[in-house]
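Each remark here refers to the structure printed beneath this line.
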Amino acid sequence: MARVNVSEGANIVGRVDMRVFVFLLALATAGGCGGRSRGPGGSDAGAAAGASMPSDIPSGGEPGSGAGGTDVSVGTGGDRAPDAGGAGGAASSAGGASPAGGASAGGGRAAGAGRAAGGTSAGGSLPAGGMAPSGGVSDAGGSQPEGGVSATGGADAGGSGVTGGGAIATGGAGAIGGGATVTGGGGTTTGGAGETGANAGSGAESTGGQGTGGWEPCAVPTATPGTPITFNDNGGWLWHQDERAIVDVEAKQLIIGSVPCGGSRNGHQEAVIYDLAGGTPSEPAMVGSGLSVDPNNAPALIQLNTGKYLAVWTGHNENCNSYYNVYDNGSWGTQQAFDWGPIGCPTDNRTISYSNLWQMPGRIFNFVRSVGTSPNLITTTDGSTFTYAGRLTNTPQVGYVAGYYKYWGNNVDRIDFVGTEAHPRDNDNSLYHGYIKATETAITTYDSMGTQKGTIDEASKTNAPSITAFTKIFATGTTIKDVRLEHMWSHDIVRYDDGTIVVLAQGRVSGTGTTDPDKRFIYLRFDGSSWSATYLVKGGNKLSSSEEDYTGLGAIHPNNPYTIYVSTTYDPRDETTTAPSTKREIWRGTTCDQGKSFTWTPITQNSTQDNVRPIVPYWSGGKTALLWLRGFWGSESSFTSSVVGLIMDGP
């Protein structure tokens with residue numbers, strides 16, 4: 001999941017898969033869009049069955065508590081051997097980040113600059129029952145110098161709103177303000193109004209991030225979701241390009257990018273603009289063309305101004321170009337290209353892939369898997385031309401590529417990322433977190449605790465740090481809820497105004513094979529001084545026949561710290577197969593105890609088709625747009641899916 005930059009009237013996988021026989025057999029039997037074998041991207045094989053697109057909505061469904069809900073604290077120390085057992089959790093955080101003054105009330109966007117520089121909290125009145133983290137997570141598991149996991153979980157310290165001990169060098173803590181505290185369980189006490197909105201810790205943020213003006217009390221939703229809207233009758237995306245959808249609050253528009261499969265639109269880059277006031281989608285508009293059918297080629301979007309948007313995309317290992325186009329005055333312009341060849345486009349059938357757009361001071365940043373199959377950065381001021389800025393990491397390539405990354409930006413001066421060493425098929429990955437700070441003259445990288453790790457510039461093309469230099473937030477081989485997880489991969493990342501960071505991820509259960517391993521979802525949370533992990537649910541069988549780690553994935557709500565969404569064939573309330581359907585359903589998870597446990601309610605039920613790859617665009621207007629793909633996936637060059645979703649009241 002992924003996330004969306006919202007401007008309120010402002011400027012703002014695989015490897016070469018040798019299972020050719022399986023792929024050809026799939027194409028011979030599938031009713032999908034055809035197209036090329038993806039070759040280096042992993043030629044996903046399997047039949048794409050055509051079927052009708054029913055509403056697939058729940059008829060009610062009772063809320064239920066999550067299965068297990070095991071919470072563990074994760075040390076942020078150095079490496080540990082993959083087969084080493086956890087030695088207990090990190091030492092207790094003395095206070096943790098607690099924005100008792102509420103979320104940043106002033107973190108809106110200023111015309112001409114993304115959000116207002118500074119976007120600082122002005123005290124941000126915390127509504128009754130507003131969220132205030134409990135002062136950190138106290139781990140009873142003893143010291144953990146090697147990044148492992150305490151099996152005992154983390155007891156809530158319930159401390160004051162002061163960030164003692166572990167002051168957030170990462171720029172984390174939000175406004176301290178009115179001194180509200182919570183009892184550790186639900187975060188539903190009456191928060192006082194912040195008087196000064198002062199930030200805590202020597203490295204505290206000077207910006208309020210994507211301010212939402214305060215969070216509503218934590219409560220499990222009881223309303224039955226409505227009928228899903230079909231935004232695009234033919235579309236797909238992967239999850240390593242963001243943002244795939246954005247909300248333009250002033251223009252009252254939801255813009256959604258995707259790639260269709262089949263027909264006259266086969267393989268185009270498309271965008272649909274949904275009228276939030278009138279409740280109608282536009283016809284799909286072609287943003288770009290000339291590439292093969294592949295959801296890896298879906299465009300990333302960002303808002304330039306009210307009614308003006310930039311789309312950027314690449315082929316999936318097809319050539320050395322990043323493509324881009326600007327929507328202005330009611331239509332898309334002419335497709336343009338940035339050539340990576342002179343900079344060092346990879347060879348050996350692995351060129352470039354993915355685009356990830358975020359706003360920083362005076363520039364738009366686009367992270368692309370390119371030089372060394374690592375994330376590299378190009379920037380633009382207005383979407384007319386791009387300039388190479390440098391390399392984020394220089395991780396040794398293992399197998400197919402040198403890691404996978406997800407990003408989240410406050411669109412002021414900070415971008416957070418979570419990454420792996422390689423593809424989980426090629427390497428027993430751990431998960432790592434870091435962040436980027438930018439000024440007009442320098443771009444610097446840090447680990448979770450604020451320790452500088454490198455700079456992004458022309459020299460970083462060869463001397464950038466490895467991803468392993470950043471904070472290990474989940475070590476391969478960690479046991480959580482009685483299962484040992486390895487070969488990790490991330491789904492989504494969000495950083496909230498109070499400095500809390502949330503990551504959704506998955507791992508294989510050790511010893512369950514390699515052709516279709518048992519995959520489990522986890523929730524990771526940074527409270528300002530340490531990371532903790534909570535077990536969520538089984539992920540189900542592989543989505544594509546040749547991608548053993550593909551699942552339905554999950555998404556984090558960027559405006560609501562209590563809410564996540566997952567796609568799985570299992571009922572997360574008890575981890576039994578959802579009956580009578582065996583298809584992937586969307587579930588909403590609600591946590592009122594800072595991620596230690598979740599209560600689950602169904603979004604879809606009794607479906608005849610899979611519901612996968614959910615995303616939630618950032619939306620400061622007090623509503624939620626939950627989007628996903630509904631259909632059948634035979635392979636990534638032969639799929640039948642539509643882009644559907646719900647527009648719901650409340651964050």
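If you're wondering about the labels, chains in the structure tokens are A, B, ... by order shown, residues count from 1 in each chain, ligands from 1 in order shown.
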
TODO: Report as JSON, numbers by chain: the residues of range 251-352 of chain A with a DSSP assignment of helix (DSSP H, G or I), based on the backbone of this structure.
DONE: {"A": [263, 264, 265, 295, 296, 297, 341, 342, 343, 344]}

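Reported to one decimal place, the separation of CA of Ala298 in chain A from CA of Phe338 in chain A is 16.6 Å.
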
Given only C-alpha atoms, how would the per-residue table for range 414-477 of chain A near range 395-405 of chain A read, listing every residue at most 12 Å away with its closest atom pair and distance in Å to one decimal, sorted by chain and number, as JSON lines?
{"residue": "A:Asp416", "atom": "CA", "partner": "A:Tyr405", "partner_atom": "CA", "distance": 10.2}
{"residue": "A:Phe417", "atom": "CA", "partner": "A:Tyr405", "partner_atom": "CA", "distance": 6.6}
{"residue": "A:Val418", "atom": "CA", "partner": "A:Tyr405", "partner_atom": "CA", "distance": 5.6}
{"residue": "A:Gly419", "atom": "CA", "partner": "A:Tyr405", "partner_atom": "CA", "distance": 4.4}
{"residue": "A:Thr420", "atom": "CA", "partner": "A:Gly403", "partner_atom": "CA", "distance": 4.9}
{"residue": "A:Glu421", "atom": "CA", "partner": "A:Gly403", "partner_atom": "CA", "distance": 4.5}
{"residue": "A:Ala422", "atom": "CA", "partner": "A:Gly403", "partner_atom": "CA", "distance": 3.7}
{"residue": "A:His423", "atom": "CA", "partner": "A:Gly403", "partner_atom": "CA", "distance": 6.0}
{"residue": "A:Pro424", "atom": "CA", "partner": "A:Gly403", "partner_atom": "CA", "distance": 8.9}
{"residue": "A:Arg425", "atom": "CA", "partner": "A:Gly399", "partner_atom": "CA", "distance": 8.6}
{"residue": "A:Asp426", "atom": "CA", "partner": "A:Gly399", "partner_atom": "CA", "distance": 5.5}
{"residue": "A:Asn427", "atom": "CA", "partner": "A:Val398", "partner_atom": "CA", "distance": 6.9}
{"residue": "A:Asp428", "atom": "CA", "partner": "A:Val398", "partner_atom": "CA", "distance": 10.3}
{"residue": "A:Asn429", "atom": "CA", "partner": "A:Gly403", "partner_atom": "CA", "distance": 8.9}
{"residue": "A:Ser430", "atom": "CA", "partner": "A:Gly403", "partner_atom": "CA", "distance": 10.5}
{"residue": "A:Leu431", "atom": "CA", "partner": "A:Tyr405", "partner_atom": "CA", "distance": 9.8}
{"residue": "A:Tyr432", "atom": "CA", "partner": "A:Tyr405", "partner_atom": "CA", "distance": 9.5}
{"residue": "A:His433", "atom": "CA", "partner": "A:Tyr405", "partner_atom": "CA", "distance": 9.7}
{"residue": "A:Gly434", "atom": "CA", "partner": "A:Tyr405", "partner_atom": "CA", "distance": 10.8}
{"residue": "A:Tyr435", "atom": "CA", "partner": "A:Tyr405", "partner_atom": "CA", "distance": 11.9}
{"residue": "A:Ser460", "atom": "CA", "partner": "A:Thr395", "partner_atom": "CA", "distance": 12.0}
{"residue": "A:Lys461", "atom": "CA", "partner": "A:Thr395", "partner_atom": "CA", "distance": 11.4}
{"residue": "A:Thr462", "atom": "CA", "partner": "A:Thr395", "partner_atom": "CA", "distance": 10.4}
{"residue": "A:Asn463", "atom": "CA", "partner": "A:Thr395", "partner_atom": "CA", "distance": 10.2}
{"residue": "A:Ala464", "atom": "CA", "partner": "A:Thr395", "partner_atom": "CA", "distance": 8.4}
{"residue": "A:Pro465", "atom": "CA", "partner": "A:Thr395", "partner_atom": "CA", "distance": 7.1}
{"residue": "A:Ser466", "atom": "CA", "partner": "A:Thr395", "partner_atom": "CA", "distance": 4.2}
{"residue": "A:Ile467", "atom": "CA", "partner": "A:Thr395", "partner_atom": "CA", "distance": 5.9}
{"residue": "A:Thr468", "atom": "CA", "partner": "A:Thr395", "partner_atom": "CA", "distance": 7.8}
{"residue": "A:Ala469", "atom": "CA", "partner": "A:Thr395", "partner_atom": "CA", "distance": 9.5}
{"residue": "A:Phe470", "atom": "CA", "partner": "A:Thr395", "partner_atom": "CA", "distance": 11.4}

Considering only C-alpha atoms, return as an mmCIF file with N, CA and C atoms, in the first residue's frame whatever protein or nucleic-acid residues lie within 9 Å of Val494 in chain A, sequence-local ones (same chain, fewer than 5 positions apart) excluded.
data_model
loop_
_atom_site.group_PDB
_atom_site.id
_atom_site.type_symbol
_atom_site.label_atom_id
_atom_site.label_comp_id
_atom_site.auth_asym_id
_atom_site.auth_seq_id
_atom_site.Cartn_x
_atom_site.Cartn_y
_atom_site.Cartn_z
ATOM 1 N N ALA A 2 -0.004 1.493 -0.510
ATOM 2 C CA ALA A 2 0.703 2.671 -0.631
ATOM 3 C C ALA A 2 0.011 3.948 -0.451
ATOM 4 N N ARG A 3 0.756 5.076 -0.678
ATOM 5 C CA ARG A 3 0.272 6.301 -0.082
ATOM 6 C C ARG A 3 0.211 7.422 -1.086
ATOM 7 N N TYR A 407 8.435 3.647 0.040
ATOM 8 C CA TYR A 407 8.745 4.998 0.507
ATOM 9 C C TYR A 407 7.497 5.672 1.072
ATOM 10 N N TRP A 408 7.733 6.634 1.948
ATOM 11 C CA TRP A 408 6.665 7.515 2.450
ATOM 12 C C TRP A 408 7.277 8.875 2.742
ATOM 13 N N GLY A 409 6.660 9.946 2.226
ATOM 14 C CA GLY A 409 7.200 11.277 2.453
ATOM 15 C C GLY A 409 6.226 12.201 3.136
ATOM 16 N N ASP A 416 10.801 8.630 4.331
ATOM 17 C CA ASP A 416 11.159 7.384 5.005
ATOM 18 C C ASP A 416 11.131 6.237 3.999
ATOM 19 N N THR A 500 5.599 8.443 14.900
ATOM 20 C CA THR A 500 5.369 7.012 14.816
ATOM 21 C C THR A 500 5.498 6.563 13.362
ATOM 22 N N ILE A 501 6.166 5.437 13.158
ATOM 23 C CA ILE A 501 6.318 4.864 11.820
ATOM 24 C C ILE A 501 5.711 3.469 11.838
ATOM 25 N N VAL A 502 4.944 3.125 10.807
ATOM 26 C CA VAL A 502 4.302 1.822 10.703
ATOM 27 C C VAL A 502 4.713 1.178 9.377
ATOM 28 N N VAL A 503 5.016 -0.115 9.424
ATOM 29 C CA VAL A 503 5.371 -0.886 8.242
ATOM 30 C C VAL A 503 4.534 -2.163 8.235
ATOM 31 N N ILE A 556 -1.646 0.565 4.760
ATOM 32 C CA ILE A 556 -1.763 1.337 5.993
ATOM 33 C C ILE A 556 -2.569 2.596 5.695
ATOM 34 N N HIS A 557 -3.492 2.937 6.580
ATOM 35 C CA HIS A 557 -4.263 4.177 6.409
ATOM 36 C C HIS A 557 -3.372 5.361 6.784
ATOM 37 N N PRO A 558 -3.105 6.279 5.847
ATOM 38 C CA PRO A 558 -2.164 7.369 6.148
ATOM 39 C C PRO A 558 -2.742 8.462 7.027
#

TODO: May I have the residues within 10 Å of Gln241 in chain A as a list of chain:residue names, using only C-alpha atoms and disregarding those fewer than 2 positions away in the same chain?
DONE: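 What passes the distance filter is A:Met1, A:Ala2, A:Arg3, A:Trp237, A:Leu238, A:Trp239, A:Glu243, A:Arg244, A:Pro295, A:Asn296, A:Asn297, A:Ala298, A:Pro299, A:Ala300, A:Leu301, A:Val312, A:Trp313, A:Thr314, A:Ser353, A:Tyr354, A:Ser355, A:Asn356, A:Leu357, A:Phe367, A:Val368, A:Tyr405, A:Lys406, A:Tyr407.
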